[in-house]
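Okay, entry-v8.cif now, which holds mmCIF, C-alpha atoms:
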data_coords
#
loop_
_atom_site.label_atom_id
_atom_site.label_comp_id
_atom_site.auth_asym_id
_atom_site.auth_seq_id
_atom_site.Cartn_x
_atom_site.Cartn_y
_atom_site.Cartn_z
CA ALA F 1 87.50 114.10 66.33
CA LEU F 2 86.34 112.93 69.74
CA GLY F 3 82.79 114.16 69.38
CA GLY F 4 80.33 114.21 66.50
CA GLY F 5 80.49 116.39 63.43
CA GLY F 6 81.30 116.14 59.79
CA GLY F 7 84.09 116.34 57.27
CA ALA F 8 87.11 114.08 56.89
CA GLN F 9 89.57 112.63 59.36
CA VAL F 10 92.64 111.76 57.31
CA GLY F 11 96.03 110.42 58.34
CA GLY F 12 97.60 109.23 61.55
CA LEU F 13 97.43 105.98 63.44
CA LEU F 14 93.99 106.40 65.04
CA SER F 15 90.76 108.17 64.11
CA ILE F 16 87.92 108.23 66.67
CA ALA F 17 84.39 109.61 66.36
CA LYS F 18 82.33 109.23 69.55
CA GLY F 19 79.13 110.88 68.36
CA ASP F 20 77.24 110.89 65.07
CA TYR F 21 79.58 111.71 62.22
CA TYR F 22 79.09 112.59 58.57
CA GLY F 23 82.10 112.14 56.32
CA ALA F 24 85.12 109.87 56.06
CA GLN F 25 87.67 108.33 58.39
CA VAL F 26 91.02 107.40 56.80
CA ALA F 27 93.73 106.16 59.19
CA ALA F 28 95.51 103.01 60.27
CA ALA F 29 92.65 102.35 62.72
CA ASN F 30 89.21 103.97 62.56
CA ILE F 31 86.58 103.82 65.30
CA ALA F 32 83.06 105.25 65.04
CA ALA F 33 81.22 104.74 68.33
CA GLY F 34 78.11 106.52 67.10
CA SER F 35 76.41 106.62 63.72
CA LEU F 36 78.68 107.18 60.73
CA ILE F 37 77.22 108.26 57.40
CA GLY F 38 80.19 108.05 55.07
CA ALA F 39 83.19 105.76 54.73
CA GLN F 40 86.02 104.17 56.67
CA ALA F 41 89.35 103.16 55.09
CA GLY F 42 92.20 101.70 57.10
CA ALA F 43 93.88 98.56 58.35
CA PHE F 44 91.22 98.21 61.08
CA ASN F 45 87.72 99.69 60.99
CA TYR F 46 84.96 99.56 63.61
CA ALA F 47 81.56 101.24 63.49
CA SER F 48 78.53 100.99 65.72
CA TYR F 49 76.43 101.97 62.70
CA ILE F 50 77.57 102.90 59.20
CA GLY F 51 75.82 103.96 56.06
CA GLY F 52 78.55 103.49 53.46
CA PRO F 53 81.64 101.38 52.78
CA GLN F 54 84.22 99.91 55.14
CA LEU F 55 87.51 99.25 53.32
CA GLY F 56 90.34 97.61 55.22
CA LEU F 57 92.15 94.50 56.34
CA VAL F 58 89.73 93.89 59.23
CA ASN F 59 86.24 95.44 59.30
CA VAL F 60 83.90 95.14 62.29
CA LEU F 61 80.34 96.47 62.31
CA ASP F 62 77.45 96.30 64.76
CA GLU F 63 74.83 97.20 62.15
CA GLY F 64 74.44 99.21 59.01
CA PHE F 65 73.55 99.62 55.37
CA ALA F 66 77.02 99.03 54.05
CA VAL F 67 79.62 97.33 51.89
CA GLN F 68 82.46 95.63 53.77
CA VAL F 69 85.59 94.90 51.71
CA GLY F 70 88.57 93.36 53.50
CA LEU F 71 90.46 90.23 54.43
CA VAL F 72 88.18 89.65 57.45
CA ASN F 73 84.69 91.14 57.77
CA ALA F 74 82.47 90.73 60.83
CA CYS F 75 79.03 92.17 61.59
CA ASP F 76 75.97 91.69 63.75
CA ASP F 77 73.31 92.99 61.35
CA LEU F 78 74.20 94.02 57.80
CA ARG F 79 72.03 95.14 54.94
CA GLY F 80 74.42 95.12 52.03
CA VAL F 81 77.48 93.23 50.83
CA GLN F 82 80.50 91.51 52.37
CA ILE F 83 83.53 90.81 50.15
CA GLY F 84 86.53 89.24 51.83
CA LEU F 85 88.62 86.19 52.53
CA ILE F 86 86.55 85.45 55.67
CA ASN F 87 83.08 86.87 56.32
CA VAL F 88 81.26 86.31 59.62
CA ALA F 89 77.81 87.64 60.47
CA LYS F 90 74.89 87.12 62.80
CA ARG F 91 72.55 88.33 60.04
CA VAL F 92 73.11 89.45 56.44
CA ASP F 93 70.33 90.77 54.22
CA GLY F 94 72.36 90.84 51.03
CA ILE F 95 75.36 89.02 49.61
CA ALA F 96 78.54 87.63 51.17
CA LEU F 97 81.38 86.65 48.83
CA GLY F 98 84.55 85.06 50.17
CA LEU F 99 86.60 81.94 50.65
CA LEU F 100 84.60 81.31 53.84
CA SER F 101 81.34 83.10 54.64
CA VAL F 102 79.33 82.16 57.72
CA GLU F 103 76.02 83.52 58.98
CA LYS F 104 74.17 82.42 62.11
CA GLY F 105 71.41 80.15 60.82
CA GLY F 106 73.02 80.13 57.36
CA ILE F 107 74.11 77.31 55.07
CA LEU F 108 76.53 74.84 56.64
CA ASP F 109 76.23 71.38 55.17
CA ALA F 110 77.67 68.73 52.85
CA GLN F 111 76.65 66.87 49.71
CA ALA F 112 77.70 63.66 48.00
CA TRP F 113 76.58 62.94 44.44
CA TRP F 114 77.10 60.92 41.28
CA SER F 115 77.19 62.61 37.89
CA SER F 116 76.58 60.95 34.53
CA ASP F 117 80.27 61.15 33.53
CA SER F 118 80.75 58.40 36.18
CA THR F 119 82.37 60.77 38.67
CA VAL F 120 81.65 60.45 42.38
CA ASN F 121 81.76 63.82 44.14
CA ALA F 122 81.68 65.26 47.64
CA ALA F 123 81.41 68.91 48.68
CA PHE F 124 81.29 71.13 51.76
CA MET F 125 79.27 74.35 51.72
CA ALA F 126 79.23 77.30 54.12
CA GLY F 127 77.54 80.66 53.75
CA THR F 128 74.61 82.90 54.52
CA ARG F 129 70.95 81.96 54.25
CA ALA F 130 71.03 82.66 50.50
CA THR F 131 74.63 82.42 49.23
CA TYR F 132 77.49 80.03 49.93
CA THR F 133 81.03 78.98 49.09
CA ILE F 134 81.51 75.41 47.88
CA ALA F 135 84.70 73.30 48.00
CA SER F 136 84.51 69.92 46.27
CA ILE F 137 86.49 66.86 45.26
CA GLY F 138 85.65 64.25 42.64
CA TRP F 139 86.82 60.77 41.68
CA ASP F 140 86.46 59.46 38.12
CA THR F 141 85.53 55.77 38.39
CA HIS F 142 86.35 55.15 34.70
CA THR F 143 90.08 55.79 34.92
CA THR F 144 92.97 54.60 37.06
CA GLN F 145 95.36 57.36 35.97
CA ASP F 146 94.99 60.40 38.19
CA PRO F 147 91.19 60.28 38.63
CA LEU F 148 91.14 63.13 41.16
CA SER F 149 89.47 66.49 40.55
CA MET F 150 89.11 69.51 42.84
CA GLY F 151 86.85 72.54 42.72
CA LEU F 152 86.05 75.84 44.41
CA GLY F 153 83.10 78.11 43.72
CA VAL F 154 80.10 80.12 44.86
CA GLY F 155 76.40 79.35 44.91
CA TRP F 156 72.89 80.55 45.62
CA ARG F 157 69.95 78.83 47.30
CA ALA F 158 66.26 79.61 47.84
CA GLN F 159 64.60 77.73 50.69
CA ILE F 160 61.06 76.44 50.10
CA GLY F 161 59.92 74.96 53.39
CA THR F 162 62.30 72.07 54.11
CA ASN F 163 63.20 71.85 50.40
CA TYR F 164 65.25 74.21 48.25
CA LEU F 165 66.25 75.25 44.74
CA GLY F 166 69.75 76.40 44.01
CA SER F 167 72.70 76.65 41.70
CA ASP F 168 76.46 77.05 41.96
CA LEU F 169 79.41 77.81 39.70
CA SER F 170 82.80 76.22 40.37
CA TRP F 171 86.23 76.29 38.81
CA ARG F 172 87.46 72.70 38.71
CA ILE F 173 90.87 71.17 38.01
CA VAL F 174 90.38 67.68 36.53
CA ASP F 175 93.18 65.09 36.43
CA ALA F 176 94.89 67.53 38.76
CA PHE F 177 98.29 65.82 38.89
CA GLY F 178 98.38 64.20 35.44
CA PRO F 179 99.82 65.28 32.07
CA SER F 180 96.32 65.97 30.69
CA ALA F 181 95.19 68.24 33.56
CA TYR F 182 92.43 70.57 32.42
CA SER F 183 90.27 73.34 33.83
CA VAL F 184 86.49 73.46 33.62
CA LEU F 185 83.74 75.75 34.82
CA ARG F 186 80.93 73.65 36.27
CA LEU F 187 77.43 75.11 36.57
CA ARG F 188 75.02 73.04 38.66
CA VAL F 189 71.26 73.56 38.98
CA LEU F 190 69.74 71.53 41.81
CA ALA F 191 66.56 70.74 43.69
CA GLY F 192 66.96 69.52 47.27
CA LEU F 193 64.21 67.35 48.77
CA ARG F 194 64.49 67.04 52.53
CA ALA F 195 61.89 66.10 55.13
CA SER F 196 64.24 65.54 58.08
CA GLY F 197 67.82 64.38 58.29
CA PRO F 198 69.63 63.53 55.03
CA GLY F 199 67.78 64.45 51.83
CA LEU F 200 67.86 63.81 48.10
CA ILE F 201 69.37 66.14 45.49
CA LEU F 202 68.43 66.01 41.82
CA GLY F 203 69.58 68.23 39.00
CA CYS F 204 71.89 68.79 36.09
CA SER F 205 75.23 70.42 35.42
CA VAL F 206 77.22 71.71 32.47
CA ASP F 207 81.02 71.46 32.33
CA THR F 208 82.71 74.06 30.13
CA LEU F 209 86.28 73.26 29.10
CA LEU F 210 88.43 76.39 29.32
CA PRO F 211 90.80 76.84 26.34
CA GLY F 212 94.34 77.91 27.10
CA LEU F 213 94.13 76.45 30.62
CA SER F 214 93.76 72.79 29.64
CA ARG F 215 95.77 70.03 27.98
CA ASP F 216 94.63 67.02 25.98
CA GLY F 217 95.90 63.44 26.34
CA SER F 218 99.08 64.25 24.37
CA GLY F 219 99.88 67.21 26.63
CA SER F 220 99.00 69.85 24.00
CA ILE F 221 97.18 73.04 24.98
CA VAL F 222 93.46 72.94 24.18
CA SER F 223 92.41 75.91 22.06
CA ARG F 224 88.62 75.43 21.78
CA LEU F 225 85.72 75.61 24.17
CA GLY F 226 84.08 72.32 25.07
CA PHE F 227 80.73 71.62 26.72
CA GLU F 228 79.45 68.51 28.53
CA PRO F 229 75.93 68.34 30.01
CA LEU F 230 75.54 65.97 32.96
CA LEU F 231 72.86 64.57 35.24
CA VAL F 232 73.33 64.83 39.00
CA VAL F 233 71.88 62.52 41.68
CA GLY F 234 72.98 62.51 45.31
CA ILE F 235 72.33 63.11 48.97
CA HIS F 236 72.31 66.20 51.14
CA LEU F 237 73.76 65.67 54.62
#
Representation of the structure as structure tokens:
Amino acid sequence: ALGGGGGAQVGGLLSIAKGDYYGAQVAAANIAAGSLIGAQAGAFNYASYIGGPQLGLVNVLDEGFAVQVGLVNACDDLRGVQIGLINVAKRVDGIALGLLSVEKGGILDAQAWWSSDSTVNAAFMAGTRATYTIASIGWDTHTTQDPLSMGLGVGWRAQIGTNYLGSDLSWRIVDAFGPSAYSVLRLRVLAGLRASGPGLILGCSVDTLLPGLSRDGSGSIVSRLGFEPLLVVGIHL
């Protein structure tokens, strides 16, 4: 359909709606130059405005009240949700979940901290103004046998002036290359105190040992849950 209208455009390589359209576009590539109230599903989707979902490999949106689900999602102004491998936005009023989510003016920083199990940690965070993805590494100073740990997770932050409160949940592989490698879920709850430049972070975390995905010192599979509360002190860069 080259003009506006309603209904469903299904099949083919290219679906184009130049005017306002009510319905669905399902093709290899979908383009809505006007306002689309409905859905787009294809390898590539573009909409000037959409009220509804975009489902595809690559989704591009000027503005809308929408859910973008794809490998790569990009938008100027979104009220809704982005779920993808890479999410890029000028502004998101909602949630962005992905391996890398970036919003103009959003979270893009690093932390280094010590936890009370004598592990020194560093992490990089990128996301929107409220949510972020965290990638971290840790080094256990109490052991010389494979002290390395690695983690990946998601988090949330509420800004209070120059300070903030937040929490994140990460899946961590501890003793990653050793015979007693084990998996933990780490929940951190933090307060960030920052006047200008680097700031202080204070908080606590709980490590939950995941049965069936972990081995003990003898190499046997761990069959029970385990919990370890920790204190966290560090800096925010």
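Using all atoms listed in the file, the nearest neighbour of Tyr164 of chain F within the list F:Ala41, F:Leu36, F:Ala191, F:Val67 is F:Ala191.
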query = If you apply the PyMOL selection byres ((chain F and resi 15-29) around 7) to this file, what residues do you get, as a PyMOL selection string?
reply = chain F and resi 1-14+30-45
Residues picked by the PyMOL selection byres ((chain F and resi 167-177) around 10) here, as number ranges by chain? F: 131-140, 143, 145-158, 165-166, 178-191, 203-210, 213-214
note - atom CA of Asp109 of chain F and atom CA of Leu85 of chain F are separated by 19.5 Å
### Query
So how far away is atom CA of Gln159 of chain F from atom CA of Val88 of chain F, in Å?
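Between atom CA of Val88 of chain F and atom CA of Gln159 of chain F the gap works out to 20.8 Å.
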Residue completion, segment 36-55 of chain F, N, CA, C and O atoms, as a short mmCIF file (atom, residue, chain, number, x, y, z; two decimals), keeping the file's coordinate frame:
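Produced file result.cif, reproduced below:
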data_model
loop_
_atom_site.label_atom_id
_atom_site.label_comp_id
_atom_site.auth_asym_id
_atom_site.auth_seq_id
_atom_site.Cartn_x
_atom_site.Cartn_y
_atom_site.Cartn_z
N LEU F 36 77.83 106.60 61.76
CA LEU F 36 78.68 107.18 60.73
C LEU F 36 77.99 107.08 59.38
O LEU F 36 77.67 105.98 58.92
N ILE F 37 77.73 108.23 58.77
CA ILE F 37 77.22 108.26 57.40
C ILE F 37 78.39 108.71 56.53
O ILE F 37 78.75 109.89 56.51
N GLY F 38 79.00 107.75 55.84
CA GLY F 38 80.19 108.05 55.07
C GLY F 38 81.00 106.81 54.84
O GLY F 38 80.44 105.77 54.50
N ALA F 39 82.31 106.88 55.06
CA ALA F 39 83.19 105.76 54.73
C ALA F 39 84.32 105.66 55.74
O ALA F 39 84.73 106.65 56.35
N GLN F 40 84.82 104.44 55.89
CA GLN F 40 86.02 104.17 56.67
C GLN F 40 87.01 103.43 55.78
O GLN F 40 86.64 102.50 55.06
N ALA F 41 88.29 103.82 55.84
CA ALA F 41 89.35 103.16 55.09
C ALA F 41 90.59 103.09 55.96
O ALA F 41 91.12 104.13 56.37
N GLY F 42 91.03 101.87 56.26
CA GLY F 42 92.20 101.70 57.10
C GLY F 42 92.50 100.23 57.31
O GLY F 42 91.78 99.36 56.81
N ALA F 43 93.55 99.94 58.06
CA ALA F 43 93.88 98.56 58.35
C ALA F 43 92.81 97.92 59.23
O ALA F 43 92.44 96.75 59.02
N PHE F 44 92.29 98.68 60.20
CA PHE F 44 91.22 98.21 61.08
C PHE F 44 90.12 99.24 61.14
O PHE F 44 90.37 100.42 61.36
N ASN F 45 88.86 98.80 60.94
CA ASN F 45 87.72 99.69 60.99
C ASN F 45 86.65 99.11 61.91
O ASN F 45 86.32 97.92 61.80
N TYR F 46 86.10 99.96 62.78
CA TYR F 46 84.96 99.56 63.61
C TYR F 46 83.93 100.67 63.56
O TYR F 46 84.25 101.86 63.67
N ALA F 47 82.66 100.27 63.44
CA ALA F 47 81.56 101.24 63.49
C ALA F 47 80.38 100.63 64.22
O ALA F 47 80.03 99.46 63.99
N SER F 48 79.76 101.43 65.09
CA SER F 48 78.53 100.99 65.72
C SER F 48 77.41 100.93 64.68
O SER F 48 76.63 99.98 64.66
N TYR F 49 77.34 101.96 63.84
CA TYR F 49 76.43 101.97 62.70
C TYR F 49 77.13 102.72 61.57
O TYR F 49 77.76 103.75 61.81
N ILE F 50 77.01 102.20 60.35
CA ILE F 50 77.57 102.90 59.20
C ILE F 50 76.62 102.81 58.02
O ILE F 50 76.00 101.77 57.78
N GLY F 51 76.50 103.92 57.34
CA GLY F 51 75.82 103.96 56.06
C GLY F 51 76.86 104.30 55.01
O GLY F 51 77.17 105.47 54.80
N GLY F 52 77.47 103.28 54.39
CA GLY F 52 78.55 103.49 53.46
C GLY F 52 79.53 102.33 53.49
O GLY F 52 79.28 101.31 54.12
N PRO F 53 80.69 102.49 52.87
CA PRO F 53 81.64 101.38 52.78
C PRO F 53 82.65 101.36 53.93
O PRO F 53 83.03 102.39 54.48
N GLN F 54 83.06 100.15 54.28
CA GLN F 54 84.22 99.91 55.14
C GLN F 54 85.27 99.21 54.29
O GLN F 54 85.02 98.12 53.75
N LEU F 55 86.44 99.79 54.15
CA LEU F 55 87.51 99.25 53.32
C LEU F 55 88.75 99.06 54.19
O LEU F 55 89.31 100.05 54.69
#
